[in-house]
file final_27.cif (mmCIF, C-alpha atoms)
data_protein
loop_
_atom_site.label_atom_id
_atom_site.label_comp_id
_atom_site.auth_asym_id
_atom_site.auth_seq_id
_atom_site.Cartn_x
_atom_site.Cartn_y
_atom_site.Cartn_z
CA MET A 1 10.38 36.38 31.56
CA ARG A 2 9.32 38.16 28.39
CA THR A 3 10.55 35.33 26.21
CA SER A 4 8.99 32.60 28.37
CA ARG A 5 5.44 34.01 28.27
CA PRO A 6 5.03 33.78 24.46
CA THR A 7 6.42 30.28 24.61
CA THR A 8 3.92 29.32 27.30
CA ARG A 9 1.07 30.85 25.32
CA ARG A 10 2.05 28.92 22.22
CA ALA A 11 2.16 25.72 24.22
CA VAL A 12 -1.31 26.40 25.64
CA ARG A 13 -2.68 27.14 22.18
CA ARG A 14 -1.18 23.98 20.76
CA LEU A 15 -2.50 21.82 23.60
CA PRO A 16 -5.93 21.14 22.01
CA LEU A 17 -4.29 20.31 18.67
CA ASN A 18 -1.78 17.99 20.32
CA ALA A 19 -4.55 16.32 22.30
CA ALA A 20 -6.61 15.84 19.14
CA ALA A 21 -3.58 14.40 17.33
CA ALA A 22 -2.84 12.02 20.20
CA LEU A 23 -6.49 10.90 20.29
CA THR A 24 -6.46 10.29 16.53
CA VAL A 25 -3.31 8.21 16.77
CA LEU A 26 -4.79 6.23 19.65
CA ILE A 27 -8.00 5.51 17.75
CA CYS A 28 -6.08 4.42 14.66
CA LEU A 29 -3.59 2.23 16.50
CA PHE A 30 -5.94 0.55 18.97
CA PRO A 31 -7.35 -2.00 16.46
CA VAL A 32 -3.80 -2.94 15.50
CA TYR A 33 -2.85 -3.26 19.16
CA TRP A 34 -5.90 -5.43 19.82
CA MET A 35 -5.06 -7.65 16.85
CA VAL A 36 -1.50 -8.23 18.03
CA THR A 37 -2.41 -8.87 21.67
CA THR A 38 -5.23 -11.21 20.66
CA ALA A 39 -2.74 -13.25 18.66
CA PHE A 40 -0.83 -13.94 21.89
CA LYS A 41 -3.86 -14.71 24.08
CA PRO A 42 -4.91 -18.27 24.88
CA SER A 43 -8.14 -19.33 23.18
CA PRO A 44 -10.32 -19.21 26.36
CA ASP A 45 -9.28 -15.58 27.01
CA ILE A 46 -10.09 -14.36 23.49
CA GLN A 47 -13.86 -14.72 23.87
CA SER A 48 -13.94 -14.02 27.56
CA TYR A 49 -16.70 -11.80 28.98
CA ASP A 50 -13.98 -9.93 30.86
CA PRO A 51 -11.65 -8.57 28.15
CA ARG A 52 -8.26 -7.26 29.18
CA LEU A 53 -5.88 -4.90 27.45
CA LEU A 54 -2.98 -7.22 28.23
CA PRO A 55 -3.15 -11.03 28.05
CA ARG A 56 -3.17 -12.86 31.34
CA ALA A 57 -0.91 -15.47 29.76
CA TRP A 58 1.13 -15.34 26.57
CA THR A 59 1.15 -18.13 24.00
CA LEU A 60 2.60 -18.75 20.54
CA ASP A 61 0.17 -21.55 19.67
CA HIS A 62 -1.85 -19.36 17.30
CA PHE A 63 1.26 -18.42 15.35
CA ARG A 64 2.19 -22.10 15.05
CA THR A 65 -1.30 -22.85 13.77
CA ALA A 66 -1.08 -20.05 11.20
CA VAL A 67 2.35 -21.04 9.90
CA ALA A 68 1.39 -24.72 9.76
CA ALA A 69 -1.83 -24.02 7.83
CA ASP A 70 -2.10 -25.41 4.31
CA GLY A 71 -0.67 -23.15 1.65
CA PHE A 72 1.02 -20.61 3.93
CA ALA A 73 4.38 -20.64 2.13
CA LEU A 74 2.78 -20.95 -1.31
CA PHE A 75 0.33 -18.07 -0.81
CA TRP A 76 3.12 -15.96 0.66
CA ARG A 77 5.17 -16.53 -2.47
CA ASN A 78 2.20 -15.68 -4.68
CA SER A 79 1.57 -12.40 -2.85
CA VAL A 80 5.21 -11.36 -3.04
CA LEU A 81 5.44 -12.25 -6.74
CA VAL A 82 2.23 -10.46 -7.74
CA THR A 83 2.89 -7.39 -5.59
CA LEU A 84 6.48 -6.79 -6.70
CA SER A 85 5.66 -7.43 -10.36
CA ALA A 86 2.74 -4.98 -10.31
CA VAL A 87 4.78 -2.29 -8.53
CA LEU A 88 7.77 -2.58 -10.86
CA LEU A 89 5.57 -2.56 -13.96
CA ALA A 90 3.66 0.49 -12.70
CA LEU A 91 6.90 2.36 -12.00
CA LEU A 92 8.32 1.65 -15.45
CA VAL A 93 5.21 2.76 -17.31
CA ALA A 94 4.40 5.69 -15.03
CA LEU A 95 7.92 7.06 -15.18
CA GLY A 96 7.72 7.50 -18.95
CA ALA A 97 4.18 8.89 -18.82
CA ALA A 98 4.99 11.31 -16.00
CA TYR A 99 8.09 12.59 -17.80
CA ALA A 100 6.13 13.15 -21.00
CA VAL A 101 3.45 15.10 -19.14
CA ALA A 102 5.83 17.16 -17.00
CA ARG A 103 8.54 17.97 -19.57
CA MET A 104 6.96 17.83 -23.03
CA ARG A 105 4.27 19.85 -24.75
CA TRP A 106 2.02 17.82 -27.03
CA ARG A 107 -1.56 17.88 -28.23
CA GLY A 108 -3.95 16.21 -25.80
CA ARG A 109 -1.66 16.52 -22.77
CA ARG A 110 -4.31 18.18 -20.60
CA GLN A 111 -6.91 15.63 -21.63
CA PHE A 112 -4.50 12.86 -20.76
CA VAL A 113 -3.89 14.31 -17.29
CA LEU A 114 -7.64 14.67 -16.77
CA ALA A 115 -8.17 11.04 -17.77
CA VAL A 116 -5.51 9.97 -15.28
CA PHE A 117 -7.22 11.90 -12.48
CA ILE A 118 -10.59 10.39 -13.40
CA ALA A 119 -9.08 6.90 -13.35
CA GLN A 120 -7.59 7.66 -9.94
CA MET A 121 -10.99 8.72 -8.56
CA ALA A 122 -12.93 5.80 -10.05
CA PRO A 123 -13.89 3.05 -7.56
CA TRP A 124 -12.19 -0.10 -8.80
CA GLU A 125 -14.75 -2.29 -7.05
CA SER A 126 -17.33 -1.20 -9.63
CA LEU A 127 -15.24 -2.87 -12.36
CA ILE A 128 -15.30 -6.34 -10.84
CA ILE A 129 -18.02 -7.70 -13.13
CA PRO A 130 -16.52 -6.33 -16.39
CA VAL A 131 -13.06 -7.54 -15.40
CA TYR A 132 -14.45 -10.96 -14.50
CA ILE A 133 -16.27 -11.28 -17.84
CA ILE A 134 -13.19 -10.20 -19.82
CA SER A 135 -10.97 -12.58 -17.87
CA ARG A 136 -13.41 -15.45 -18.37
CA ASP A 137 -13.80 -14.86 -22.10
CA THR A 138 -10.05 -14.58 -22.65
CA GLY A 139 -9.18 -17.60 -20.52
CA MET A 140 -7.34 -15.53 -17.92
CA LEU A 141 -9.21 -16.70 -14.84
CA ASP A 142 -7.30 -18.46 -12.05
CA ARG A 143 -3.96 -17.01 -13.15
CA LEU A 144 -1.51 -14.85 -11.27
CA PRO A 145 -0.65 -12.68 -14.32
CA THR A 146 -4.29 -11.54 -14.32
CA LEU A 147 -3.97 -10.25 -10.77
CA THR A 148 -0.66 -8.62 -11.65
CA LEU A 149 -2.25 -6.69 -14.52
CA ILE A 150 -5.20 -5.61 -12.37
CA TYR A 151 -3.00 -4.38 -9.54
CA PHE A 152 -0.86 -2.62 -12.14
CA MET A 153 -3.92 -0.78 -13.47
CA ILE A 154 -5.05 0.14 -9.95
CA THR A 155 -1.71 1.63 -8.90
CA LEU A 156 -0.76 3.24 -12.23
CA PRO A 157 -2.86 6.48 -12.02
CA PHE A 158 -1.56 7.40 -8.55
CA THR A 159 1.99 6.63 -9.64
CA VAL A 160 1.70 8.89 -12.68
CA VAL A 161 0.23 11.77 -10.63
CA VAL A 162 2.91 11.65 -7.93
CA LEU A 163 5.85 11.23 -10.30
CA ARG A 164 4.54 14.01 -12.55
CA GLY A 165 4.57 16.47 -9.66
CA PHE A 166 8.00 15.36 -8.56
CA ILE A 167 9.53 15.60 -12.04
CA ALA A 168 7.99 19.05 -12.48
CA GLY A 169 9.72 20.11 -9.27
CA ILE A 170 13.17 19.35 -10.69
CA PRO A 171 14.58 22.40 -12.54
CA PRO A 172 14.77 21.60 -16.26
CA GLU A 173 17.95 23.69 -16.44
CA LEU A 174 19.82 20.78 -14.86
CA GLU A 175 18.98 18.50 -17.74
CA GLU A 176 19.62 21.25 -20.28
CA ALA A 177 23.09 21.77 -18.84
CA ALA A 178 23.80 18.05 -19.18
CA GLN A 179 22.63 18.15 -22.80
CA VAL A 180 24.96 21.06 -23.49
CA ASP A 181 27.78 18.90 -22.14
CA GLY A 182 26.97 16.21 -24.69
CA CYS A 183 24.29 14.05 -23.08
CA THR A 184 21.22 13.02 -24.99
CA ARG A 185 17.80 13.82 -23.57
CA ALA A 186 17.44 10.31 -22.23
CA GLY A 187 20.99 10.36 -20.87
CA ALA A 188 20.43 13.68 -19.13
CA PHE A 189 17.32 12.36 -17.47
CA ARG A 190 19.03 9.16 -16.40
CA ARG A 191 22.14 10.85 -15.01
CA VAL A 192 20.65 14.04 -13.55
CA ALA A 193 16.92 13.85 -12.91
CA PHE A 194 16.47 10.17 -12.11
CA PRO A 195 18.68 10.17 -8.97
CA LEU A 196 16.61 13.09 -7.62
CA LEU A 197 13.41 11.08 -8.00
CA ALA A 198 14.26 8.61 -5.24
CA PRO A 199 11.73 10.01 -2.68
CA GLY A 200 8.96 10.04 -5.26
CA LEU A 201 9.77 6.51 -6.38
CA MET A 202 9.76 5.34 -2.77
CA ALA A 203 6.38 6.96 -2.08
CA THR A 204 4.71 5.46 -5.10
CA SER A 205 6.34 2.08 -4.52
CA LEU A 206 5.03 1.95 -0.97
CA PHE A 207 1.52 2.91 -2.06
CA GLY A 208 1.53 0.28 -4.79
CA PHE A 209 2.94 -2.33 -2.44
CA ILE A 210 0.29 -1.75 0.23
CA THR A 211 -2.53 -1.63 -2.32
CA ALA A 212 -1.56 -4.86 -4.04
CA TRP A 213 -0.53 -6.61 -0.83
CA ASN A 214 -3.87 -5.96 0.92
CA GLU A 215 -6.21 -6.42 -2.06
CA PHE A 216 -8.80 -9.13 -1.45
CA THR A 217 -11.81 -8.64 -3.71
CA TYR A 218 -10.23 -9.29 -7.10
CA ALA A 219 -8.07 -12.11 -5.76
CA ASN A 220 -11.17 -13.78 -4.32
CA PHE A 221 -13.33 -13.41 -7.44
CA LEU A 222 -10.76 -14.15 -10.14
CA ILE A 223 -8.94 -17.06 -8.49
CA ILE A 224 -11.72 -19.59 -8.04
CA LYS A 225 -10.64 -23.07 -9.06
CA GLN A 226 -6.85 -22.95 -8.81
CA GLN A 227 -6.26 -22.87 -5.07
CA ASP A 228 -2.50 -22.75 -5.62
CA SER A 229 -2.83 -19.32 -7.28
CA ARG A 230 -4.44 -17.59 -4.32
CA THR A 231 -2.79 -14.84 -2.30
CA LEU A 232 -2.46 -14.18 1.41
CA PRO A 233 -5.60 -12.01 1.84
CA VAL A 234 -7.70 -14.91 0.53
CA TRP A 235 -5.74 -17.32 2.69
CA LEU A 236 -6.77 -15.38 5.79
CA SER A 237 -10.39 -16.34 5.18
CA SER A 238 -9.48 -20.04 5.48
CA PHE A 239 -9.60 -19.78 9.27
CA GLN A 240 -13.36 -19.27 9.08
CA SER A 241 -15.56 -22.34 8.69
CA THR A 242 -19.13 -23.46 9.31
CA PHE A 243 -18.13 -24.34 12.86
CA GLY A 244 -16.94 -20.82 13.65
CA THR A 245 -13.86 -18.66 13.35
CA ASP A 246 -10.51 -19.44 14.90
CA TRP A 247 -9.92 -15.90 16.11
CA GLY A 248 -6.55 -16.62 17.61
CA ALA A 249 -5.14 -18.08 14.39
CA THR A 250 -6.82 -15.33 12.37
CA MET A 251 -5.23 -12.58 14.45
CA ALA A 252 -1.84 -14.32 14.35
CA ALA A 253 -2.06 -14.71 10.58
CA SER A 254 -3.15 -11.08 10.23
CA THR A 255 -0.17 -9.98 12.31
CA LEU A 256 2.22 -11.95 10.11
CA PHE A 257 0.45 -10.56 7.05
CA ALA A 258 0.86 -6.94 8.21
CA LEU A 259 4.56 -7.23 9.08
CA PRO A 260 6.03 -6.80 5.55
CA ALA A 261 4.11 -3.60 4.85
CA LEU A 262 5.02 -2.25 8.29
CA VAL A 263 8.72 -3.00 7.82
CA VAL A 264 8.77 -1.43 4.36
CA PHE A 265 7.03 1.70 5.66
CA LEU A 266 9.40 2.10 8.61
CA VAL A 267 12.43 1.71 6.36
CA LEU A 268 11.18 4.18 3.74
CA GLN A 269 9.36 6.61 6.05
CA ARG A 270 11.50 9.69 5.40
CA GLN A 271 11.66 9.19 1.64
CA VAL A 272 7.91 8.54 1.48
CA THR A 273 7.07 11.73 3.37
CA ALA A 274 9.32 13.83 1.17
CA GLY A 275 7.98 12.19 -1.97
CA LEU A 276 4.32 12.75 -1.10
CA ALA A 277 4.95 16.36 -0.11
CA SER A 278 6.89 17.19 -3.25
CA GLY A 279 4.54 15.33 -5.54
CA GLY A 280 1.48 16.99 -4.05
CA VAL A 281 2.74 20.60 -3.92
CA LYS A 282 4.86 21.05 -7.00
CA GLY A 283 3.75 20.73 -10.59
#

call {"tool": "encode", "arguments": {"input": "final_27.cif", "output": "structure tokens"}}
result
Amino acid sequence: MRTSRPTTRRAVRRLPLNAAAALTVLICLFPVYWMVTTAFKPSPDIQSYDPRLLPRAWTLDHFRTAVAADGFALFWRNSVLVTLSAVLLALLVALGAAYAVARMRWRGRRQFVLAVFIAQMAPWESLIIPVYIISRDTGMLDRLPTLTLIYFMITLPFTVVVLRGFIAGIPPELEEAAQVDGCTRAGAFRRVAFPLLAPGLMATSLFGFITAWNEFTYANFLIIKQQDSRTLPVWLSSFQSTFGTDWGATMAASTLFALPALVVFLVLQRQVTAGLASGGVKG
């Protein structure tokens, strides 16, 4: 009985926190639930004055409309190409920058870290006009490489910050021991430290993937004339016209659009959690 009372008291104390956590999860997930269920509702039930949590009847017509829409496969390819290119480029550049900041001592290192933090805090929406003017004057409008470079710049500061903390958490003695055994500095990093960076690389990759995959503003403003260079977020707006919005097709397209990010997150969940924790605490 003595051991059960403290356990009961702890459970009672945690009850408000658990209830608050459950309420938070419910509030966050309800819009997603409503999006998915709306995608399966018949059109008359979507704008009904008597909304229901579950559809009265289930239909796949909205998904057929979304998949058959003009440019679905092309815009999907564009989004995958731009997103993966931006993430890989950010990882390559950030890995070298993070290693230099975490392992080396050089003049201006603190100023560089401060500049990276400032770039991370800056709202990228405020740079739309300068980026548009530069792209127009250099002939880079309506091109996918322009979006790739912009998404690379957006994700780079966060990638550097996280990888810096993760590299700093790896004991440098491991690399020094490899150098004593004959490895060069680059070889020691590649053989010893790099395999330990997997959680950090997963965390930053997921962040970059979600950021570039969901970005709409730059894709809408920089891809104006060349419709074939647009991405999926811009494609979602095609279901809205002067005659109204096809909410069923929009919700079905949004569901299909959200699936890749959801699958990637579920697959990398453990590595992402470990990477964010290590990158945020150490260093």

call {"tool": "closest_atom_pairs", "arguments": {"input": "final_27.cif", "of": "stretch 23-91 of chain A", "to": "stretch 207-227 of chain A", "cutoff": "9 Å", "atoms": "all atoms listed in the file", "output": "Markdown table"}}
result
| residue | atom | partner | partner_atom | distance |
| --- | --- | --- | --- | --- |
| A:Gly71 | CA | A:Gln227 | CA | 8.7 |
| A:Ser79 | CA | A:Trp213 | CA | 6.5 |
| A:Val80 | CA | A:Trp213 | CA | 7.8 |
| A:Val82 | CA | A:Ala212 | CA | 7.7 |
| A:Thr83 | CA | A:Ala212 | CA | 5.3 |
| A:Leu84 | CA | A:Phe209 | CA | 7.1 |
| A:Ala86 | CA | A:Ala212 | CA | 7.6 |
| A:Val87 | CA | A:Gly208 | CA | 5.6 |
| A:Ala90 | CA | A:Gly208 | CA | 8.2 |

call {"tool": "closest_residue", "arguments": {"input": "final_27.cif", "among": "A:Pro31, A:Leu15, A:Thr38, A:Trp106", "to": "A:Arg52", "atoms": "only C-alpha atoms"}}
result
A:Thr38

call {"tool": "closest_atom_pairs", "arguments": {"input": "final_27.cif", "of": "stretch 22-71 of chain A", "to": "stretch 249-269 of chain A", "cutoff": "8 Å", "atoms": "all atoms listed in the file", "output": "CSV"}}
result
residue,atom,partner,partner_atom,distance
A:Met35,CA,A:Met251,CA,5.5
A:Val36,CA,A:Thr255,CA,6.1
A:Thr38,CA,A:Met251,CA,6.4
A:Ala39,CA,A:Ala252,CA,4.5
A:Phe40,CA,A:Ala252,CA,7.6
A:His62,CA,A:Ala249,CA,4.6
A:Phe63,CA,A:Ala252,CA,5.2
A:Thr65,CA,A:Ala249,CA,6.2
A:Ala66,CA,A:Ala253,CA,5.5
A:Val67,CA,A:Ala253,CA,7.7

call {"tool": "resolve_selection", "arguments": {"input": "final_27.cif", "expression": "the PyMOL selection byres ((chain A and resi 148-158) around 7)", "output": "MDAnalysis selection string"}}
result
chainID A and resid 82 85:87 89:90 94 116:117 119:120 144:147 159:162 208 212

call {"tool": "residues_around", "arguments": {"input": "final_27.cif", "residues": "A:Leu232", "least_positions_apart": "2", "cutoff": "6 Å", "atoms": "only C-alpha atoms", "output": "list in words"}}
result
Phe75, Trp76, Val234 and Trp235 of chain A

call {"tool": "residues_around", "arguments": {"input": "final_27.cif", "residues": "A:Glu176", "least_positions_apart": "3", "cutoff": "12 Å", "atoms": "only C-alpha atoms", "output": "list of chain:residue names"}}
result
A:Arg103, A:Ile170, A:Pro171, A:Pro172, A:Glu173, A:Gln179, A:Val180, A:Asp181, A:Gly182, A:Cys183, A:Thr184, A:Arg185, A:Ala186, A:Gly187, A:Ala188, A:Phe189, A:Arg191, A:Val192, A:Ala193

call {"tool": "axis_aligned_box", "arguments": {"input": "final_27.cif", "around": "stretch 258-266 of chain A", "padding_each_side": "6 Å", "output": "AutoDock Vina command-line options"}}
result
--center_x 5.1 --center_y -2.6 --center_z 6.7 --size_x 20.5 --size_y 21.3 --size_z 16.7

call {"tool": "atom_distance", "arguments": {"input": "final_27.cif", "atom1": "atom CA of A:Ile133", "atom2": "atom CA of A:Asn78"}}
result
23.1 Å

call {"tool": "closest_residue", "arguments": {"input": "final_27.cif", "among": "A:Leu29, A:Leu201, A:Val131, A:Leu54", "to": "A:Leu95", "atoms": "only C-alpha atoms"}}
result
A:Leu201

call {"tool": "closest_residue", "arguments": {"input": "final_27.cif", "among": "A:Met121, A:Ala98, A:Ala178, A:Leu88", "to": "A:Leu206", "atoms": "all atoms listed in the file"}}
result
A:Leu88

call {"tool": "closest_residue", "arguments": {"input": "final_27.cif", "among": "A:Phe30, A:Phe239, A:Trp58, A:Phe166", "to": "A:Ser43", "atoms": "all atoms listed in the file"}}
result
A:Trp58

call {"tool": "atom_distance", "arguments": {"input": "final_27.cif", "atom1": "atom CA of A:Asp50", "atom2": "atom CA of A:Ala22"}}
result
26.8 Å

call {"tool": "atom_distance", "arguments": {"input": "final_27.cif", "atom1": "atom CA of A:Tyr33", "atom2": "atom CA of A:Ser238"}}
result
22.6 Å

call {"tool": "decode", "arguments": {"input": "final_27.cif", "residues": "stretch 134-150 of chain A", "atoms": "N, CA, C and O atoms", "output": "PDB file, in the first residue's frame"}}
result
ATOM      1  N   ILE A 134      15.977  40.866 -58.329  1.00  0.00           N
ATOM      2  CA  ILE A 134      17.239  40.235 -58.727  1.00  0.00           C
ATOM      3  C   ILE A 134      16.993  39.147 -59.770  1.00  0.00           C
ATOM      4  O   ILE A 134      17.719  39.036 -60.768  1.00  0.00           O
ATOM      5  N   SER A 135      15.969  38.347 -59.553  1.00  0.00           N
ATOM      6  CA  SER A 135      15.656  37.278 -60.509  1.00  0.00           C
ATOM      7  C   SER A 135      15.250  37.842 -61.864  1.00  0.00           C
ATOM      8  O   SER A 135      15.625  37.306 -62.917  1.00  0.00           O
ATOM      9  N   ARG A 136      14.493  38.923 -61.845  1.00  0.00           N
ATOM     10  CA  ARG A 136      14.078  39.544 -63.112  1.00  0.00           C
ATOM     11  C   ARG A 136      15.260  40.131 -63.859  1.00  0.00           C
ATOM     12  O   ARG A 136      15.393  39.955 -65.077  1.00  0.00           O
ATOM     13  N   ASP A 137      16.142  40.829 -63.145  1.00  0.00           N
ATOM     14  CA  ASP A 137      17.269  41.485 -63.806  1.00  0.00           C
ATOM     15  C   ASP A 137      18.313  40.493 -64.299  1.00  0.00           C
ATOM     16  O   ASP A 137      19.074  40.810 -65.222  1.00  0.00           O
ATOM     17  N   THR A 138      18.375  39.331 -63.686  1.00  0.00           N
ATOM     18  CA  THR A 138      19.357  38.318 -64.105  1.00  0.00           C
ATOM     19  C   THR A 138      18.761  37.267 -65.027  1.00  0.00           C
ATOM     20  O   THR A 138      19.451  36.308 -65.394  1.00  0.00           O
ATOM     21  N   GLY A 139      17.491  37.432 -65.387  1.00  0.00           N
ATOM     22  CA  GLY A 139      16.851  36.480 -66.285  1.00  0.00           C
ATOM     23  C   GLY A 139      16.569  35.129 -65.663  1.00  0.00           C
ATOM     24  O   GLY A 139      16.531  34.120 -66.376  1.00  0.00           O
ATOM     25  N   MET A 140      16.349  35.099 -64.359  1.00  0.00           N
ATOM     26  CA  MET A 140      16.135  33.843 -63.648  1.00  0.00           C
ATOM     27  C   MET A 140      14.677  33.611 -63.263  1.00  0.00           C
ATOM     28  O   MET A 140      14.382  32.683 -62.514  1.00  0.00           O
ATOM     29  N   LEU A 141      13.775  34.433 -63.761  1.00  0.00           N
ATOM     30  CA  LEU A 141      12.363  34.200 -63.492  1.00  0.00           C
ATOM     31  C   LEU A 141      11.869  32.975 -64.261  1.00  0.00           C
ATOM     32  O   LEU A 141      12.407  32.618 -65.311  1.00  0.00           O
ATOM     33  N   ASP A 142      10.833  32.347 -63.713  1.00  0.00           N
ATOM     34  CA  ASP A 142      10.171  31.215 -64.373  1.00  0.00           C
ATOM     35  C   ASP A 142      11.116  30.033 -64.580  1.00  0.00           C
ATOM     36  O   ASP A 142      11.024  29.323 -65.584  1.00  0.00           O
ATOM     37  N   ARG A 143      12.035  29.845 -63.640  1.00  0.00           N
ATOM     38  CA  ARG A 143      12.966  28.716 -63.738  1.00  0.00           C
ATOM     39  C   ARG A 143      13.018  27.961 -62.414  1.00  0.00           C
ATOM     40  O   ARG A 143      13.053  28.567 -61.342  1.00  0.00           O
ATOM     41  N   LEU A 144      13.069  26.654 -62.519  1.00  0.00           N
ATOM     42  CA  LEU A 144      13.141  25.827 -61.320  1.00  0.00           C
ATOM     43  C   LEU A 144      14.453  25.991 -60.554  1.00  0.00           C
ATOM     44  O   LEU A 144      14.437  25.937 -59.319  1.00  0.00           O
ATOM     45  N   PRO A 145      15.608  26.191 -61.213  1.00  0.00           N
ATOM     46  CA  PRO A 145      16.825  26.426 -60.430  1.00  0.00           C
ATOM     47  C   PRO A 145      16.728  27.631 -59.508  1.00  0.00           C
ATOM     48  O   PRO A 145      17.368  27.643 -58.450  1.00  0.00           O
ATOM     49  N   THR A 146      15.941  28.640 -59.876  1.00  0.00           N
ATOM     50  CA  THR A 146      15.757  29.793 -58.992  1.00  0.00           C
ATOM     51  C   THR A 146      15.071  29.376 -57.698  1.00  0.00           C
ATOM     52  O   THR A 146      15.497  29.768 -56.600  1.00  0.00           O
ATOM     53  N   LEU A 147      14.020  28.587 -57.808  1.00  0.00           N
ATOM     54  CA  LEU A 147      13.344  28.092 -56.608  1.00  0.00           C
ATOM     55  C   LEU A 147      14.271  27.211 -55.777  1.00  0.00           C
ATOM     56  O   LEU A 147      14.264  27.269 -54.540  1.00  0.00           O
ATOM     57  N   THR A 148      15.076  26.402 -56.449  1.00  0.00           N
ATOM     58  CA  THR A 148      16.009  25.542 -55.725  1.00  0.00           C
ATOM     59  C   THR A 148      16.989  26.371 -54.894  1.00  0.00           C
ATOM     60  O   THR A 148      17.243  26.063 -53.718  1.00  0.00           O
ATOM     61  N   LEU A 149      17.537  27.428 -55.473  1.00  0.00           N
ATOM     62  CA  LEU A 149      18.467  28.284 -54.743  1.00  0.00           C
ATOM     63  C   LEU A 149      17.786  28.999 -53.581  1.00  0.00           C
ATOM     64  O   LEU A 149      18.375  29.147 -52.503  1.00  0.00           O
ATOM     65  N   ILE A 150      16.554  29.432 -53.775  1.00  0.00           N
ATOM     66  CA  ILE A 150      15.835  30.131 -52.701  1.00  0.00           C
ATOM     67  C   ILE A 150      15.541  29.177 -51.553  1.00  0.00           C
ATOM     68  O   ILE A 150      15.752  29.509 -50.372  1.00  0.00           O
TER      69      ILE A 150
END
